[in-house]
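Coordinates as given in entry36.cif (mmCIF, C-alpha atoms):
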```cif
data_entry
loop_
_atom_site.label_atom_id
_atom_site.label_comp_id
_atom_site.auth_asym_id
_atom_site.auth_seq_id
_atom_site.Cartn_x
_atom_site.Cartn_y
_atom_site.Cartn_z
CA MET A 1 0.00 0.00 0.00
CA LEU A 2 1.48 3.32 -1.09
CA GLU A 3 2.04 5.84 1.69
CA ASN A 4 2.93 9.51 1.68
CA ARG A 5 4.83 11.42 4.34
CA ILE A 6 3.21 14.54 5.80
CA SER A 7 4.99 16.80 8.28
CA LEU A 8 3.54 17.33 11.75
CA ALA A 9 3.28 21.09 11.26
CA GLN A 10 1.44 20.72 7.96
CA LEU A 11 -0.98 18.13 9.28
CA GLN A 12 -1.72 20.17 12.39
CA GLN A 13 -2.40 23.28 10.32
CA PHE A 14 -4.60 21.32 7.91
CA ILE A 15 -6.81 19.97 10.71
CA THR A 16 -6.89 23.33 12.49
CA THR A 17 -7.96 25.13 9.31
CA ALA A 18 -10.63 22.51 8.58
CA MET A 19 -12.02 22.73 12.10
CA GLY A 20 -12.16 26.51 11.82
CA ARG A 21 -14.10 26.25 8.56
CA LEU A 22 -16.50 23.85 10.28
CA GLY A 23 -17.32 26.51 12.85
CA LEU A 24 -14.99 26.00 15.80
CA PRO A 25 -13.52 29.18 17.31
CA ALA A 26 -9.87 29.65 16.35
CA SER A 27 -8.49 28.71 19.78
CA ASP A 28 -10.61 25.55 19.96
CA ALA A 29 -9.74 24.57 16.38
CA ALA A 30 -6.05 24.90 17.28
CA ILE A 31 -6.43 22.59 20.29
CA VAL A 32 -8.23 19.94 18.25
CA GLY A 33 -5.71 20.27 15.42
CA ARG A 34 -2.78 19.84 17.79
CA LEU A 35 -4.23 16.80 19.56
CA MET A 36 -5.38 15.03 16.39
CA ALA A 37 -1.98 15.58 14.80
CA GLU A 38 -0.27 14.30 17.93
CA ALA A 39 -2.37 11.14 17.74
CA GLU A 40 -1.02 10.58 14.24
CA LEU A 41 2.49 11.43 15.40
CA GLN A 42 2.54 8.67 18.01
CA GLY A 43 1.23 6.08 15.56
CA SER A 44 -2.40 6.01 16.73
CA ASP A 45 -3.60 6.03 13.12
CA GLY A 46 -7.07 4.77 14.05
CA HIS A 47 -7.59 7.95 16.08
CA GLY A 48 -5.72 10.51 13.99
CA VAL A 49 -6.62 12.34 10.80
CA ILE A 50 -8.70 9.35 9.67
CA ARG A 51 -11.32 10.73 12.09
CA LEU A 52 -11.51 14.17 10.46
CA LEU A 53 -14.15 13.27 7.90
CA PRO A 54 -16.47 11.51 10.39
CA TYR A 55 -16.12 14.49 12.76
CA ALA A 56 -16.98 16.86 9.91
CA ARG A 57 -19.98 14.76 8.94
CA ARG A 58 -21.28 14.83 12.50
CA ILE A 59 -20.73 18.58 12.85
CA ARG A 60 -22.58 19.27 9.62
CA ALA A 61 -25.46 17.06 10.72
CA GLY A 62 -25.83 19.12 13.89
CA GLY A 63 -24.87 16.30 16.22
CA LEU A 64 -21.90 18.11 17.74
CA ASN A 65 -21.76 21.57 19.34
CA VAL A 66 -18.95 23.63 17.78
CA ARG A 67 -19.19 26.37 20.42
CA PRO A 68 -19.67 24.50 23.71
CA LYS A 69 -19.81 26.14 27.11
CA ILE A 70 -17.89 23.56 29.14
CA LYS A 71 -18.80 23.94 32.80
CA VAL A 72 -18.23 22.40 36.21
CA VAL A 73 -21.35 20.73 37.61
CA GLN A 74 -19.82 19.11 40.73
CA GLU A 75 -16.62 20.00 42.53
CA ARG A 76 -14.66 19.26 45.69
CA PRO A 77 -10.97 19.86 46.41
CA GLY A 78 -9.83 16.57 44.89
CA MET A 79 -12.45 16.07 42.18
CA ALA A 80 -14.69 17.69 39.60
CA LEU A 81 -17.36 16.68 37.11
CA LEU A 82 -17.50 18.57 33.81
CA ASP A 83 -20.45 19.01 31.47
CA GLY A 84 -18.93 19.14 27.99
CA ASP A 85 -22.06 20.68 26.40
CA ASN A 86 -21.75 18.17 23.55
CA GLY A 87 -18.47 19.73 22.39
CA MET A 88 -15.50 18.04 20.78
CA GLY A 89 -14.11 15.50 23.23
CA HIS A 90 -10.59 16.85 22.73
CA LEU A 91 -11.68 20.18 24.21
CA VAL A 92 -13.48 18.59 27.14
CA MET A 93 -10.58 16.33 28.06
CA GLN A 94 -7.98 19.06 27.64
CA ARG A 95 -9.97 21.03 30.22
CA ALA A 96 -10.38 17.95 32.44
CA ALA A 97 -6.64 17.25 32.38
CA GLU A 98 -5.82 20.86 33.26
CA MET A 99 -8.20 20.73 36.22
CA ALA A 100 -6.89 17.37 37.42
CA ILE A 101 -3.30 18.64 37.30
CA GLU A 102 -4.12 21.81 39.21
CA LYS A 103 -6.11 19.95 41.86
CA ALA A 104 -3.43 17.28 42.25
CA ARG A 105 -0.88 20.01 43.02
CA HIS A 106 -2.96 20.85 46.09
CA CYS A 107 -4.41 17.46 47.05
CA GLY A 108 -1.74 15.05 45.81
CA ILE A 109 -4.35 13.09 43.83
CA ALA A 110 -7.28 14.37 41.79
CA TRP A 111 -10.04 12.87 39.65
CA VAL A 112 -12.03 14.75 37.00
CA GLY A 113 -14.88 13.12 35.10
CA SER A 114 -16.96 14.26 32.14
CA GLN A 115 -20.49 13.95 30.86
CA PHE A 116 -21.90 15.14 27.53
CA SER A 117 -18.48 14.87 25.92
CA ASN A 118 -17.58 13.17 22.62
CA HIS A 119 -14.89 10.99 21.08
CA ALA A 120 -11.49 12.44 22.03
CA GLY A 121 -8.91 10.32 20.22
CA PRO A 122 -6.35 7.99 21.82
CA ALA A 123 -6.44 7.64 25.58
CA SER A 124 -2.71 8.18 26.03
CA LEU A 125 -2.94 11.79 24.81
CA TYR A 126 -4.62 12.72 28.07
CA ALA A 127 -2.70 10.42 30.40
CA ARG A 128 0.46 12.08 29.07
CA MET A 129 -0.70 15.54 30.15
CA PRO A 130 -0.23 14.98 33.90
CA MET A 131 2.94 13.02 33.12
CA ALA A 132 4.45 16.16 31.58
CA GLN A 133 3.97 17.83 34.97
CA ASP A 134 5.80 15.12 36.96
CA MET A 135 2.58 13.28 37.72
CA ILE A 136 1.19 9.86 36.91
CA GLY A 137 -1.77 10.20 34.57
CA LEU A 138 -4.65 7.73 34.24
CA TYR A 139 -7.47 7.97 31.71
CA PHE A 140 -10.69 5.98 31.30
CA ALA A 141 -13.47 6.32 28.72
CA VAL A 142 -16.64 4.74 27.44
CA GLY A 143 -16.27 3.98 23.74
CA ASN A 144 -18.54 5.70 21.23
CA ALA A 145 -20.19 2.53 19.99
CA ASN A 146 -20.88 -0.86 21.54
CA HIS A 147 -18.82 -3.62 19.96
CA LEU A 148 -18.66 -6.10 22.84
CA PRO A 149 -21.37 -8.35 24.35
CA PRO A 150 -21.29 -9.56 27.94
CA TRP A 151 -19.27 -12.77 28.23
CA GLY A 152 -21.30 -15.57 26.65
CA GLY A 153 -23.91 -13.19 25.21
CA LEU A 154 -24.74 -11.76 21.79
CA ASP A 155 -26.20 -8.34 22.58
CA MET A 156 -23.48 -5.70 22.26
CA LEU A 157 -23.92 -3.72 25.48
CA LEU A 158 -20.30 -2.75 26.13
CA SER A 159 -17.61 -0.92 24.21
CA THR A 160 -13.85 -1.01 23.85
CA ASN A 161 -13.68 1.22 26.97
CA PRO A 162 -10.00 2.20 26.86
CA ILE A 163 -7.52 2.70 29.68
CA ALA A 164 -4.28 4.65 29.59
CA VAL A 165 -1.63 5.07 32.29
CA ALA A 166 1.44 7.28 31.81
CA VAL A 167 4.33 7.04 34.28
CA PRO A 168 7.32 9.44 34.09
CA ALA A 169 10.83 8.07 33.93
CA GLY A 170 14.25 9.73 34.12
CA GLU A 171 16.66 8.81 31.33
CA GLU A 172 14.44 6.09 29.90
CA PRO A 173 11.30 6.71 27.81
CA PRO A 174 8.19 7.02 29.98
CA VAL A 175 6.08 3.94 30.63
CA VAL A 176 2.81 4.55 28.79
CA LEU A 177 0.13 1.88 28.63
CA ASP A 178 -2.70 2.65 26.21
CA MET A 179 -5.11 -0.18 25.59
CA ALA A 180 -8.67 -1.05 24.81
CA THR A 181 -10.38 -3.67 26.95
CA THR A 182 -10.94 -5.55 23.69
CA VAL A 183 -8.14 -7.32 21.81
CA ALA A 184 -8.14 -4.42 19.34
CA ALA A 185 -9.70 -0.98 19.41
CA TYR A 186 -12.40 -0.45 16.79
CA GLY A 187 -10.33 2.39 15.36
CA LYS A 188 -7.74 -0.21 14.36
CA VAL A 189 -10.46 -2.13 12.54
CA LYS A 190 -11.31 1.07 10.64
CA ALA A 191 -7.64 1.61 9.83
CA LYS A 192 -7.35 -1.93 8.47
CA ALA A 193 -10.38 -1.36 6.25
CA GLN A 194 -8.91 1.94 5.07
CA ARG A 195 -5.65 0.22 4.13
CA GLY A 196 -7.36 -2.75 2.48
CA GLU A 197 -5.80 -5.20 4.96
CA MET A 198 -7.24 -8.21 6.74
CA MET A 199 -7.53 -8.34 10.53
CA PRO A 200 -5.41 -10.77 12.54
CA LEU A 201 -7.03 -13.89 13.91
CA GLY A 202 -8.51 -13.19 17.34
CA TRP A 203 -9.66 -9.60 16.87
CA MET A 204 -13.28 -10.37 16.00
CA ILE A 205 -15.73 -13.26 15.70
CA ASP A 206 -19.11 -13.48 14.01
CA ARG A 207 -22.39 -14.27 15.77
CA LEU A 208 -21.78 -17.98 15.29
CA GLY A 209 -18.43 -17.77 17.05
CA GLN A 210 -16.35 -18.12 13.88
CA PRO A 211 -13.28 -15.93 13.21
CA LEU A 212 -14.00 -12.72 11.30
CA LEU A 213 -11.00 -11.41 9.37
CA ASP A 214 -12.43 -8.94 6.83
CA PRO A 215 -12.74 -5.49 8.47
CA LYS A 216 -15.33 -4.49 5.87
CA ARG A 217 -17.61 -7.15 7.38
CA ALA A 218 -17.05 -5.94 10.94
CA GLU A 219 -20.73 -5.21 11.51
CA GLU A 220 -21.45 -8.92 11.13
CA GLY A 221 -19.69 -9.69 14.42
CA PHE A 222 -18.10 -8.21 17.51
CA LEU A 223 -14.74 -7.57 19.07
CA MET A 224 -13.18 -10.03 21.47
CA PRO A 225 -12.31 -8.94 25.03
CA ILE A 226 -8.74 -9.22 26.26
CA GLY A 227 -8.23 -12.22 28.50
CA GLY A 228 -11.66 -13.69 27.84
CA TYR A 229 -14.15 -13.09 30.64
CA LYS A 230 -11.60 -10.93 32.50
CA GLY A 231 -11.60 -8.40 29.67
CA TYR A 232 -15.39 -8.33 29.74
CA GLY A 233 -15.26 -7.57 33.46
CA LEU A 234 -12.65 -4.87 32.93
CA SER A 235 -14.72 -3.21 30.20
CA LEU A 236 -17.70 -3.15 32.56
CA ILE A 237 -15.71 -1.58 35.41
CA VAL A 238 -14.18 1.08 33.16
CA GLY A 239 -17.65 1.90 31.87
CA LEU A 240 -18.98 2.24 35.41
CA LEU A 241 -16.14 4.62 36.32
CA ALA A 242 -16.14 6.72 33.16
CA GLY A 243 -19.81 6.53 32.24
CA THR A 244 -22.24 5.58 34.99
CA LEU A 245 -20.42 7.49 37.75
CA ASN A 246 -20.49 10.66 35.62
CA GLY A 247 -24.12 10.41 34.57
CA ALA A 248 -22.93 9.61 31.05
CA ALA A 249 -24.08 6.96 28.59
CA MET A 250 -23.49 3.28 29.33
CA GLY A 251 -25.01 0.03 28.07
CA LYS A 252 -28.07 0.54 25.87
CA GLN A 253 -27.69 4.31 26.23
CA VAL A 254 -24.48 4.37 24.18
CA ILE A 255 -25.00 5.96 20.77
CA ASP A 256 -23.22 4.40 17.79
CA PHE A 257 -21.60 7.48 16.31
CA ASN A 258 -20.58 5.46 13.26
CA HIS A 259 -24.20 5.46 12.10
CA ASP A 260 -25.97 8.21 14.05
CA ASP A 261 -24.70 11.73 13.34
CA THR A 262 -27.46 13.69 15.09
CA THR A 263 -28.12 12.20 18.54
CA VAL A 264 -26.10 13.59 21.45
CA THR A 265 -23.69 10.84 22.52
CA ASN A 266 -23.25 11.91 26.17
CA THR A 267 -19.80 10.32 26.17
CA GLY A 268 -18.22 9.81 29.57
CA GLN A 269 -14.51 10.00 30.36
CA ALA A 270 -12.38 10.40 33.47
CA ILE A 271 -8.83 11.45 34.17
CA MET A 272 -6.79 11.01 37.33
CA ALA A 273 -3.56 12.80 38.23
CA ILE A 274 -1.16 11.63 40.95
CA ASP A 275 1.49 14.17 41.96
CA LEU A 276 4.82 12.36 42.45
CA SER A 277 6.03 14.98 44.93
CA ALA A 278 3.20 14.03 47.30
CA PHE A 279 4.85 10.62 47.71
CA GLY A 280 8.48 11.68 48.02
CA ASP A 281 11.41 12.79 45.92
CA VAL A 282 10.49 13.06 42.23
CA ALA A 283 14.01 12.42 40.93
CA GLY A 284 14.29 9.35 43.16
CA PHE A 285 11.03 7.95 41.79
CA LYS A 286 12.15 8.45 38.21
CA ALA A 287 15.47 6.76 38.95
CA ARG A 288 13.64 3.75 40.36
CA VAL A 289 11.45 3.61 37.24
CA ASP A 290 14.60 3.71 35.09
CA GLN A 291 16.09 0.85 37.08
CA LEU A 292 12.97 -1.29 36.75
CA VAL A 293 12.71 -0.58 33.02
CA ARG A 294 16.30 -1.68 32.50
CA GLU A 295 15.77 -4.82 34.57
CA LEU A 296 12.75 -5.79 32.48
CA ARG A 297 14.36 -4.96 29.16
CA GLY A 298 17.58 -6.74 30.09
CA SER A 299 15.93 -9.85 31.48
CA GLU A 300 16.44 -13.25 29.86
CA ARG A 301 14.49 -13.65 26.63
CA MET A 302 12.75 -16.65 25.14
CA PRO A 303 14.29 -18.17 21.99
CA ASP A 304 13.78 -16.06 18.85
CA VAL A 305 12.70 -12.99 20.87
CA GLU A 306 14.86 -10.10 19.72
CA ARG A 307 13.84 -7.55 22.35
CA ILE A 308 11.62 -7.13 25.39
CA TRP A 309 9.52 -4.00 25.00
CA LEU A 310 8.05 -1.80 27.71
CA PRO A 311 4.61 -0.25 27.26
CA GLY A 312 4.96 2.95 25.26
CA GLU A 313 8.46 2.28 23.88
CA GLN A 314 7.29 1.53 20.35
CA SER A 315 5.05 4.58 20.37
CA HIS A 316 8.02 6.61 21.61
CA GLU A 317 10.13 5.40 18.67
CA LYS A 318 7.29 6.17 16.24
CA ARG A 319 7.12 9.70 17.62
CA GLN A 320 10.81 10.21 16.98
CA THR A 321 10.64 8.75 13.46
CA ASN A 322 7.51 10.69 12.51
CA GLU A 323 8.91 13.96 13.85
CA ARG A 324 11.99 13.44 11.71
CA ASP A 325 10.50 11.98 8.53
CA GLY A 326 6.84 13.01 8.64
CA MET A 327 3.83 10.79 9.12
CA ALA A 328 2.92 8.10 6.61
CA LEU A 329 -0.64 8.40 5.32
CA PRO A 330 -2.16 5.76 3.02
CA ALA A 331 -2.75 6.98 -0.52
CA VAL A 332 -6.47 6.22 -0.27
CA LEU A 333 -6.79 8.37 2.86
CA LEU A 334 -4.81 11.20 1.30
CA LYS A 335 -7.11 11.11 -1.72
CA GLN A 336 -10.14 11.43 0.56
CA LEU A 337 -8.53 14.32 2.43
CA ASP A 338 -7.72 16.04 -0.87
CA ALA A 339 -11.37 15.83 -1.93
CA PHE A 340 -12.43 17.15 1.49
CA ALA A 341 -9.97 20.03 1.23
CA LEU A 342 -11.27 21.05 -2.18
CA GLU A 343 -14.83 20.90 -0.87
CA MET A 344 -13.89 23.06 2.14
CA GLY A 345 -11.82 25.49 0.08
CA ILE A 346 -8.61 24.90 2.03
CA PRO A 347 -5.09 23.94 0.82
CA THR A 348 -4.52 20.24 0.26
CA LEU A 349 -1.83 18.27 2.07
CA GLN A 350 1.46 18.09 0.18
CA ALA A 351 3.32 14.81 0.59
CA THR A 352 7.10 14.86 0.85
#
```
Target format structure tokens, applied to this file:
Amino acid sequence: MLENRISLAQLQQFITTAMGRLGLPASDAAIVGRLMAEAELQGSDGHGVIRLLPYARRIRAGGLNVRPKIKVVQERPGMALLDGDNGMGHLVMQRAAEMAIEKARHCGIAWVGSQFSNHAGPASLYARMPMAQDMIGLYFAVGNANHLPPWGGLDMLLSTNPIAVAVPAGEEPPVVLDMATTVAAYGKVKAKAQRGEMMPLGWMIDRLGQPLLDPKRAEEGFLMPIGGYKGYGLSLIVGLLAGTLNGAAMGKQVIDFNHDDTTVTNTGQAIMAIDLSAFGDVAGFKARVDQLVRELRGSERMPDVERIWLPGEQSHEKRQTNERDGMALPAVLLKQLDAFALEMGIPTLQAT
């Protein structure tokens, strides 16, 4: 599959300009542009610029508020609950992360949840925000469509419900876990379909329990939870924390934003920040993380295993490569973005 390299600055400007044309205020468009481009930068291609056209479709259909008044509806020293006013999820979670960081500086630990938010891209974007302030960041969300039945069932009442945890290190790359509670996030299924590739065995099964490999037939089946029934339980718990606790959608209330562009999704998310300084010396903690990382990476390997990876290391390397060389976009996606740009009256992306 042919790919074209696009610089981070160009991609960020492209998304920002498009969002402005769609009605977002300039400052909000810039935030969304930066976060969507960063998703692409770190290799989260299922949550990057591939989402621009679906976002635009939803905005045009009136299903998303381009000028939200994000407000606090509940607050105590160590927590807050935000009403996103049906705005872009990126804006809601940027605000949530900022609040969690500020509260954690005073309380040591803080939790900020959201209701009436929307899809916000990869979970690790927001877990990384506290991490940049010498904090551990945790993020939880209810997915924007149900793709997972309860264990042993057929009715899809749960979603991929992602978790991300970002832990600062010293000299080593940070430890960043970003995972769906299903074997694969649905965004990866979309990316496979976009690239014309088959899915690996184990991602999805059909309603008869047979493997489903063609991503274009994804609606004929459902995603598999990680670890069997344990992944089902984890998806449920994440949904309770990010959705039910916040008065956000969960279970049958979840709107499939792949097919419904007008109904308010009431997406729920939550972010937690843990200030390292509340637990002791920050430099000492980072040194201990470095030591553990090196112990794990340097431990004895099984035959034919070239390297032991830590969570986030491959994403870290992708960031470095993509910053240097630009981000690889499939030709089919670039063609769609070109058509969108012409329709919107904005400059097209220029591959290097």
**Which of A:Leu24, A:Ile274, A:Leu82, A:Ala30 sits closest to Ala56 (chain A) [using only C-alpha atoms]** =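 Selected residue with least distance to Ala56 (chain A): A:Leu24.
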**Item:** Residues within 9 Å of Val92 (chain A), only C-alpha atoms, excluding chain neighbours under 2 positions, as a PyMOL selection string
**Value:** chain A and resi 70+82-85+87-90+94-97+114+117-118+120
**Asked** Which polymer residues have any atom within 10 Å of an atom of region 291-299 of chain A, counting all atoms listed in the file, with same-chain residues fewer than 5 positions away left out, as a list in words?
**Response** Ala169, Gly170, Glu171, Glu172, Pro173, Pro174, Val175, Phe285, Lys286, Arg307, Ile308, Trp309, Leu310 and Pro311 of chain A
**Request:** Spell out the residues picked by the PyMOL selection byres ((chain A and resi 278-283) around 9) here, as a list in words.
**Result:**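 The output of the PyMOL selection byres ((chain A and resi 278-283) around 9) on this file is Ala104, Arg105, Cys107, Gly108, Ile109, Asp134, Ala169, Gly170, Ile274, Asp275, Leu276, Ser277, Gly284, Phe285, Lys286, Ala287 and Arg288 of chain A.
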**Prompt:** In Å, with one decimal, what is the gap from CA of Glu317 (chain A) to CA of Glu40 (chain A)?
**Reply:** 13.1 Å
At a cut-off of 8 Å, using all atoms listed in the file, what residues contact Asn258 (chain A)? Leave out same-chain residues fewer than 3 positions from it and give the result as a PDB file with C-alpha atoms, in the frame of the given file.
```pdb
ATOM      1  CA  PRO A  54     -16.470  11.510  10.390  1.00  0.00           C
ATOM      2  CA  ALA A 145     -20.190   2.530  19.990  1.00  0.00           C
ATOM      3  CA  ASP A 261     -24.700  11.730  13.340  1.00  0.00           C
TER       4      ASP A 261
END
```
**Asked** Given the choices A:Thr160, A:Gln42, A:Gln269, A:Ser235, which gets closest to Trp203 (chain A) if the distance is worked out from all atoms listed in the file?
**Response**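 Checking each of A:Thr160, A:Gln42, A:Gln269, A:Ser235 against Trp203 (chain A), counting all atoms listed in the file, the winner is A:Thr160.
What the PyMOL selection byres ((chain A and resi 73) around 12) grabs from this file is Lys69, Ile70, Lys71, Val72, Gln74, Glu75, Arg76, Met79, Ala80, Leu81, Leu82, Asp83, Gly84, Asp85, Val112, Gly113, Ser114, Gln115, Phe116, Asn246 and Gly247 of chain A.
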Selection to disk with C-alpha atoms, as a compact mmCIF listing (two decimals), in the frame of the given file:
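Below is the file selection.txt, written as the result:
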```txt
# COMPACT_ATOMS: atom_id res chain seq x y z
CA LYS A 69 -19.81 26.14 27.11
CA ILE A 70 -17.89 23.56 29.14
CA LYS A 71 -18.80 23.94 32.80
CA VAL A 72 -18.23 22.40 36.21
CA GLN A 74 -19.82 19.11 40.73
CA GLU A 75 -16.62 20.00 42.53
CA ARG A 76 -14.66 19.26 45.69
CA MET A 79 -12.45 16.07 42.18
CA ALA A 80 -14.69 17.69 39.60
CA LEU A 81 -17.36 16.68 37.11
CA LEU A 82 -17.50 18.57 33.81
CA ASP A 83 -20.45 19.01 31.47
CA GLY A 84 -18.93 19.14 27.99
CA ASP A 85 -22.06 20.68 26.40
CA VAL A 112 -12.03 14.75 37.00
CA GLY A 113 -14.88 13.12 35.10
CA SER A 114 -16.96 14.26 32.14
CA GLN A 115 -20.49 13.95 30.86
CA PHE A 116 -21.90 15.14 27.53
CA ASN A 246 -20.49 10.66 35.62
CA GLY A 247 -24.12 10.41 34.57
```
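The spacing separating CA of Ile163 (chain A) from CA of Gly202 (chain A) amounts to 20.1 Å.
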Write out as JSON lines a residue-level contact list of region 192-261 of chain A versus region 332-344 of chain A with cut-off 10 Å: for each qualifying residue the closest pair of atoms and the distance in Å to one decimal, counting only C-alpha atoms, rows sorted by chain and residue number upward.
```
{"residue": "A:Gln194", "atom": "CA", "partner": "A:Leu333", "partner_atom": "CA", "distance": 7.1}
{"residue": "A:Arg195", "atom": "CA", "partner": "A:Val332", "partner_atom": "CA", "distance": 7.5}
{"residue": "A:Gly196", "atom": "CA", "partner": "A:Val332", "partner_atom": "CA", "distance": 9.4}
```
**Request:** Quote the spacing between CA of Gln210 (chain A) and CA of Leu154 (chain A) in Å to one decimal place.
**Result:** 13.2 Å
List as CSV every residue of region 122-148 of chain A that is in contact with region 220-225 of chain A, defined as an atom at most 9 Å from one of its atoms (using all atoms listed in the file), together with the nearest atom pair and the distance in Å rounded to one decimal, sorted by chain and then rising number.
```
residue,atom,partner,partner_atom,distance
A:Asn146,CA,A:Phe222,CA,8.8
A:His147,CA,A:Phe222,CA,5.3
A:Leu148,CA,A:Leu223,CA,5.6
```
**Selection result of the PyMOL selection byres ((chain A and resi 62) around 12) on this file, as a PyMOL selection string** = chain A and resi 22-23+55-61+63-67+86-87+260-264
